[in-house]
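**Student:** First the structure, then my questions, so here it is.
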Amino acid sequence: MEKILYYFFNFPLISPHIPAILKGFLVTLEMAVLTVLIGIAFGLLLAIIRAYEIKPLNWLLVFYVDFFRAIPQLVIIVLIFFALPSFNVVFDPITATVLALSLILAAFAEEIFWAGIAAVPIGQWEAGRSTGLTFNQTLFNVILPQVVRISIPPLTNRAIGITKGTTLGSVIAVPELLSVSSSIQSSIANPTALTVGAILFCLIFFPFVYFTRWVEKRFAVKR
């Protein structure tokens, strides 16, 4: 028990490094929030565009979705950070990581929203149009509110899984939480820094999980 406390819960040993760990925590939190907001919003936009059934555009959307769902997150991050400068497009490490993860989350979110659109009974469309609503009015006032409701659970799981990819930003020198904790762990030869990092990761994702659970219950489809 003493060894466990010494190696994993030796908080006095890492107390001088707490400011650095908290700085990494804030970087990770910022990237996670931006990834979720940008990725889900962009995914919803793509699903709305796809609903108009413009064939050439839909082919491009399907290719985009399949591409970003198939390629590992790390590869996308590396491509954006190292390959785009060849085309005079340069991003700092944090922006490159957020952009990569947002594009990936958007691909999954688009499929989730599109599945929600397909799941809404055709009678909902017909009812909206029969009352004199235009296609746009039916889509935005009748269909999308239902789609958002039924999409919350799968979006939550996917968003959490992808935002954990912020740790991959360490490959391009992002000073995120895991990178900072690992560096401290190596310098002091004690994994307590990783314990603190794990606790802080819980502080990021637990509130998100409970918030989405509340939203799911609050706006659940009545059965």
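Each chain in the structure tokens gets a letter, A, B and so on, in the order shown; residues start at 1 in every chain, and ligands are counted from 1 in the order they appear.
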So that each row is one residue of stretch 191-212 of chain A with an atom at most 10 Å from stretch 172-180 of chain A, can you give its shortest atom pair and the distance in Å to one decimal, using only C-alpha atoms, rows by chain and rising number, as a tab-separated table?
**Tutor:**
```
residue	atom	partner	partner_atom	distance
A:Ala193	CA	A:Val180	CA	8.7
A:Leu194	CA	A:Leu178	CA	7.4
A:Val196	CA	A:Leu177	CA	9.6
A:Gly197	CA	A:Leu177	CA	6.3
A:Ala198	CA	A:Leu178	CA	8.4
A:Leu200	CA	A:Leu177	CA	8.3
A:Phe201	CA	A:Leu177	CA	8.1
```
**Student:** Can you write out the residues you just picked, keeping N, CA, C and O atoms, as a short mmCIF file (atom, residue, chain, number, x, y, z; two decimals), in the first residue's frame?
**Tutor:**
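Ended up saving to part.cif:
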```
data_model
loop_
_atom_site.label_atom_id
_atom_site.label_comp_id
_atom_site.auth_asym_id
_atom_site.auth_seq_id
_atom_site.Cartn_x
_atom_site.Cartn_y
_atom_site.Cartn_z
N ALA A 193 2.13 12.22 -11.55
CA ALA A 193 1.68 13.25 -12.51
C ALA A 193 0.62 12.69 -13.44
O ALA A 193 -0.34 13.39 -13.81
N LEU A 194 0.75 11.42 -13.82
CA LEU A 194 -0.27 10.80 -14.68
C LEU A 194 -1.57 10.60 -13.92
O LEU A 194 -2.65 10.68 -14.50
N VAL A 196 -2.70 12.62 -11.59
CA VAL A 196 -3.32 13.95 -11.60
C VAL A 196 -3.92 14.23 -12.97
O VAL A 196 -5.03 14.77 -13.09
N GLY A 197 -3.19 13.85 -14.03
CA GLY A 197 -3.71 14.03 -15.38
C GLY A 197 -5.00 13.28 -15.59
O GLY A 197 -5.95 13.80 -16.20
N ALA A 198 -5.07 12.05 -15.09
CA ALA A 198 -6.29 11.25 -15.22
C ALA A 198 -7.46 11.90 -14.49
O ALA A 198 -8.59 11.92 -14.99
N LEU A 200 -7.84 15.08 -13.91
CA LEU A 200 -8.24 16.27 -14.66
C LEU A 200 -9.00 15.91 -15.94
O LEU A 200 -9.91 16.63 -16.34
N PHE A 201 -8.63 14.78 -16.56
CA PHE A 201 -9.41 14.32 -17.72
C PHE A 201 -10.85 14.01 -17.30
O PHE A 201 -11.80 14.30 -18.04
#
```
**Student:** As an MDAnalysis selection string, please: all residues of stretch 34-138 of chain A that backbone DSSP puts in alpha helix (DSSP H).
**Tutor:** chainID A and resid 34:51 55:70 73:78 93:119 122:130 135:138
**Student:** Please, what distance in Å, to one decimal, runs between atom CA of A:Ile199 and atom CA of A:Met31?
**Tutor:**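 Between atom CA of A:Ile199 and atom CA of A:Met31 the gap is 17.6 Å.
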**Student:** Could you give me, as a list in words, the residues within 9 Å of A:Trp125, counting only C-alpha atoms and dropping anything in the same chain fewer than 6 positions from it?
**Tutor:**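 These residues fall inside the cut-off: Phe135, Thr138, Leu139, Val142 and Ile143 of chain A.
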**Student:** For stretch 101-192 of chain A against stretch 75-79 of chain A, with a cut-off of 10 Å and counting only C-alpha atoms, what is the closest atom pair and its distance in Å to one decimal for every residue that makes the cut, ordered by chain and number, as CSV?
**Tutor:**
```
residue,atom,partner,partner_atom,distance
A:Leu101,CA,A:Ile77,CA,7.7
A:Leu103,CA,A:Ile76,CA,9.0
A:Ile104,CA,A:Ile76,CA,8.5
A:Gly165,CA,A:Ile77,CA,9.8
A:Thr166,CA,A:Ile77,CA,10.0
A:Leu168,CA,A:Ile77,CA,8.1
A:Gly169,CA,A:Ile77,CA,7.5
A:Val171,CA,A:Val78,CA,8.1
A:Ile172,CA,A:Val78,CA,7.4
```
**Student:** Output all heavy atoms for every residue in the selection just made, as a PDB file, in the first residue's frame.
**Tutor:**
```
ATOM      1  N   LEU A 101      -9.412  17.123 -35.715  1.00  0.00           N
ATOM      2  CA  LEU A 101     -10.425  16.414 -34.934  1.00  0.00           C
ATOM      3  C   LEU A 101     -11.830  16.907 -35.281  1.00  0.00           C
ATOM      4  O   LEU A 101     -12.789  16.128 -35.279  1.00  0.00           O
ATOM      5  CB  LEU A 101     -10.154  16.596 -33.441  1.00  0.00           C
ATOM      6  CG  LEU A 101      -8.837  15.987 -32.924  1.00  0.00           C
ATOM      7  CD1 LEU A 101      -8.674  16.263 -31.433  1.00  0.00           C
ATOM      8  CD2 LEU A 101      -8.789  14.492 -33.190  1.00  0.00           C
ATOM      9  N   LEU A 103     -12.863  18.014 -38.237  1.00  0.00           N
ATOM     10  CA  LEU A 103     -13.229  17.421 -39.525  1.00  0.00           C
ATOM     11  C   LEU A 103     -13.649  15.963 -39.358  1.00  0.00           C
ATOM     12  O   LEU A 103     -14.597  15.496 -40.001  1.00  0.00           O
ATOM     13  CB  LEU A 103     -12.054  17.519 -40.501  1.00  0.00           C
ATOM     14  CG  LEU A 103     -11.694  18.931 -40.983  1.00  0.00           C
ATOM     15  CD1 LEU A 103     -10.418  18.903 -41.814  1.00  0.00           C
ATOM     16  CD2 LEU A 103     -12.845  19.534 -41.789  1.00  0.00           C
ATOM     17  N   ILE A 104     -12.949  15.253 -38.481  1.00  0.00           N
ATOM     18  CA  ILE A 104     -13.297  13.848 -38.230  1.00  0.00           C
ATOM     19  C   ILE A 104     -14.645  13.748 -37.522  1.00  0.00           C
ATOM     20  O   ILE A 104     -15.512  12.949 -37.908  1.00  0.00           O
ATOM     21  CB  ILE A 104     -12.195  13.171 -37.398  1.00  0.00           C
ATOM     22  CG1 ILE A 104     -10.892  13.108 -38.197  1.00  0.00           C
ATOM     23  CG2 ILE A 104     -12.627  11.760 -36.989  1.00  0.00           C
ATOM     24  CD1 ILE A 104      -9.686  12.705 -37.374  1.00  0.00           C
ATOM     25  N   GLY A 165      -8.861  12.354 -28.649  1.00  0.00           N
ATOM     26  CA  GLY A 165      -7.754  12.436 -29.584  1.00  0.00           C
ATOM     27  C   GLY A 165      -6.919  13.689 -29.417  1.00  0.00           C
ATOM     28  O   GLY A 165      -5.886  13.840 -30.088  1.00  0.00           O
ATOM     29  N   THR A 166      -7.340  14.606 -28.539  1.00  0.00           N
ATOM     30  CA  THR A 166      -6.503  15.777 -28.268  1.00  0.00           C
ATOM     31  C   THR A 166      -5.125  15.357 -27.763  1.00  0.00           C
ATOM     32  O   THR A 166      -4.151  16.089 -27.938  1.00  0.00           O
ATOM     33  CB  THR A 166      -7.168  16.695 -27.224  1.00  0.00           C
ATOM     34  OG1 THR A 166      -7.504  15.925 -26.052  1.00  0.00           O
ATOM     35  CG2 THR A 166      -8.429  17.321 -27.785  1.00  0.00           C
ATOM     36  N   LEU A 168      -3.327  13.185 -29.013  1.00  0.00           N
ATOM     37  CA  LEU A 168      -2.458  12.940 -30.167  1.00  0.00           C
ATOM     38  C   LEU A 168      -1.739  14.206 -30.610  1.00  0.00           C
ATOM     39  O   LEU A 168      -0.780  14.139 -31.381  1.00  0.00           O
ATOM     40  CB  LEU A 168      -3.281  12.377 -31.333  1.00  0.00           C
ATOM     41  CG  LEU A 168      -3.978  11.038 -31.081  1.00  0.00           C
ATOM     42  CD1 LEU A 168      -4.877  10.671 -32.255  1.00  0.00           C
ATOM     43  CD2 LEU A 168      -2.945   9.951 -30.842  1.00  0.00           C
ATOM     44  N   GLY A 169      -2.204  15.345 -30.129  1.00  0.00           N
ATOM     45  CA  GLY A 169      -1.544  16.598 -30.474  1.00  0.00           C
ATOM     46  C   GLY A 169      -0.115  16.670 -29.984  1.00  0.00           C
ATOM     47  O   GLY A 169       0.678  17.478 -30.474  1.00  0.00           O
ATOM     48  N   VAL A 171       2.147  14.752 -30.665  1.00  0.00           N
ATOM     49  CA  VAL A 171       3.032  14.390 -31.778  1.00  0.00           C
ATOM     50  C   VAL A 171       3.548  15.629 -32.501  1.00  0.00           C
ATOM     51  O   VAL A 171       4.664  15.631 -33.033  1.00  0.00           O
ATOM     52  CB  VAL A 171       2.290  13.451 -32.763  1.00  0.00           C
ATOM     53  CG1 VAL A 171       3.141  13.162 -33.994  1.00  0.00           C
ATOM     54  CG2 VAL A 171       1.915  12.154 -32.071  1.00  0.00           C
ATOM     55  N   ILE A 172       2.750  16.685 -32.521  1.00  0.00           N
ATOM     56  CA  ILE A 172       3.176  17.927 -33.184  1.00  0.00           C
ATOM     57  C   ILE A 172       3.428  19.025 -32.147  1.00  0.00           C
ATOM     58  O   ILE A 172       3.249  20.208 -32.407  1.00  0.00           O
ATOM     59  CB  ILE A 172       2.142  18.390 -34.231  1.00  0.00           C
ATOM     60  CG1 ILE A 172       0.760  18.552 -33.607  1.00  0.00           C
ATOM     61  CG2 ILE A 172       2.088  17.410 -35.389  1.00  0.00           C
ATOM     62  CD1 ILE A 172      -0.274  19.147 -34.568  1.00  0.00           C
TER      63      ILE A 172
END
```
**Student:** What's the separation between atom CA of A:Ala159 and atom CA of A:Pro72, in Å to one decimal place?
**Tutor:**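 A separation of 15.3 Å between them.
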**Student:** Would you kindly return, as an NGL selection string, each protein, DNA or RNA residue with an atom no farther than 12 Å from any atom of A:Asn58, considering only C-alpha atoms and excluding same-chain residues fewer than 4 positions away?
**Tutor:** :A and (46-54 or 62-65 or 110 or 114)
**Student:** In terms of the shortest atom-to-atom distance over only C-alpha atoms, which of A:Leu44, A:Ile117, A:Val98, A:Ile160 is closest to A:Val209?
**Tutor:** A:Ile160
**Student:** For each of A:Ile71, A:Val148, A:Ile94, A:Ile21, take the minimum atom-to-atom distance to A:Leu34, counting only C-alpha atoms, then give the residue where this is smallest.
**Tutor:**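 Closest residue, counting only C-alpha atoms: A:Ile94.
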**Student:** Please build the interface table for stretch 4-121 of chain A against stretch 185-191 of chain A with a cut-off of 12 Å, listing for each qualifying residue the nearest atom pair and the distance in Å to one decimal; count only C-alpha atoms, order rows by chain and increasing number, and write it as JSON lines.
**Tutor:**
```
{"residue": "A:Ile4", "atom": "CA", "partner": "A:Pro191", "partner_atom": "CA", "distance": 10.2}
{"residue": "A:Leu5", "atom": "CA", "partner": "A:Pro191", "partner_atom": "CA", "distance": 10.6}
{"residue": "A:Tyr6", "atom": "CA", "partner": "A:Asn190", "partner_atom": "CA", "distance": 8.3}
{"residue": "A:Tyr7", "atom": "CA", "partner": "A:Asn190", "partner_atom": "CA", "distance": 5.6}
{"residue": "A:Phe8", "atom": "CA", "partner": "A:Pro191", "partner_atom": "CA", "distance": 5.6}
{"residue": "A:Phe9", "atom": "CA", "partner": "A:Pro191", "partner_atom": "CA", "distance": 8.4}
{"residue": "A:Asn10", "atom": "CA", "partner": "A:Asn190", "partner_atom": "CA", "distance": 8.2}
{"residue": "A:Phe11", "atom": "CA", "partner": "A:Asn190", "partner_atom": "CA", "distance": 10.3}
{"residue": "A:Pro12", "atom": "CA", "partner": "A:Asn190", "partner_atom": "CA", "distance": 11.6}
{"residue": "A:Leu13", "atom": "CA", "partner": "A:Ile188", "partner_atom": "CA", "distance": 8.3}
{"residue": "A:Ile14", "atom": "CA", "partner": "A:Ile188", "partner_atom": "CA", "distance": 8.1}
{"residue": "A:Ser15", "atom": "CA", "partner": "A:Ile188", "partner_atom": "CA", "distance": 11.6}
{"residue": "A:Pro16", "atom": "CA", "partner": "A:Ile188", "partner_atom": "CA", "distance": 11.1}
{"residue": "A:His17", "atom": "CA", "partner": "A:Ile188", "partner_atom": "CA", "distance": 10.0}
{"residue": "A:Ile21", "atom": "CA", "partner": "A:Gln185", "partner_atom": "CA", "distance": 11.0}
```
**Student:** Point out the residue among A:Leu105, A:Leu99, A:Ile150, A:Ile38 with the least atom-to-atom distance to A:Arg218, counting only C-alpha atoms.
**Tutor:**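 Distance minimum relative to A:Arg218 lands on A:Ile150.
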**Student:** Please determine, counting only C-alpha atoms, which residue among A:Pro85, A:Thr163, A:Phe140, A:Phe113 has the shortest atom-to-atom distance to A:Ala100.
**Tutor:**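 Counting only C-alpha atoms, the residue closest to A:Ala100 is A:Thr163.
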**Student:** Please, what distance in Å, to one decimal, runs between atom CA of A:Gly39 and atom CA of A:Lys217?
**Tutor:**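 So the two atoms, atom CA of A:Gly39 and atom CA of A:Lys217, lie 22.8 Å apart.
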**Student:** Tell me which of A:Ile18, A:Phe68, A:Phe205, A:Phe82 sits closest to A:Gly161, counting only C-alpha atoms.
**Tutor:** A:Phe205
**Student:** From the list A:Ile162, A:Leu22, A:Ala119, A:Leu133, which residue is nearest A:Ala106 when using only C-alpha atoms?
**Tutor:**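 Of A:Ile162, A:Leu22, A:Ala119, A:Leu133, the one nearest A:Ala106, counting only C-alpha atoms, is A:Ile162.
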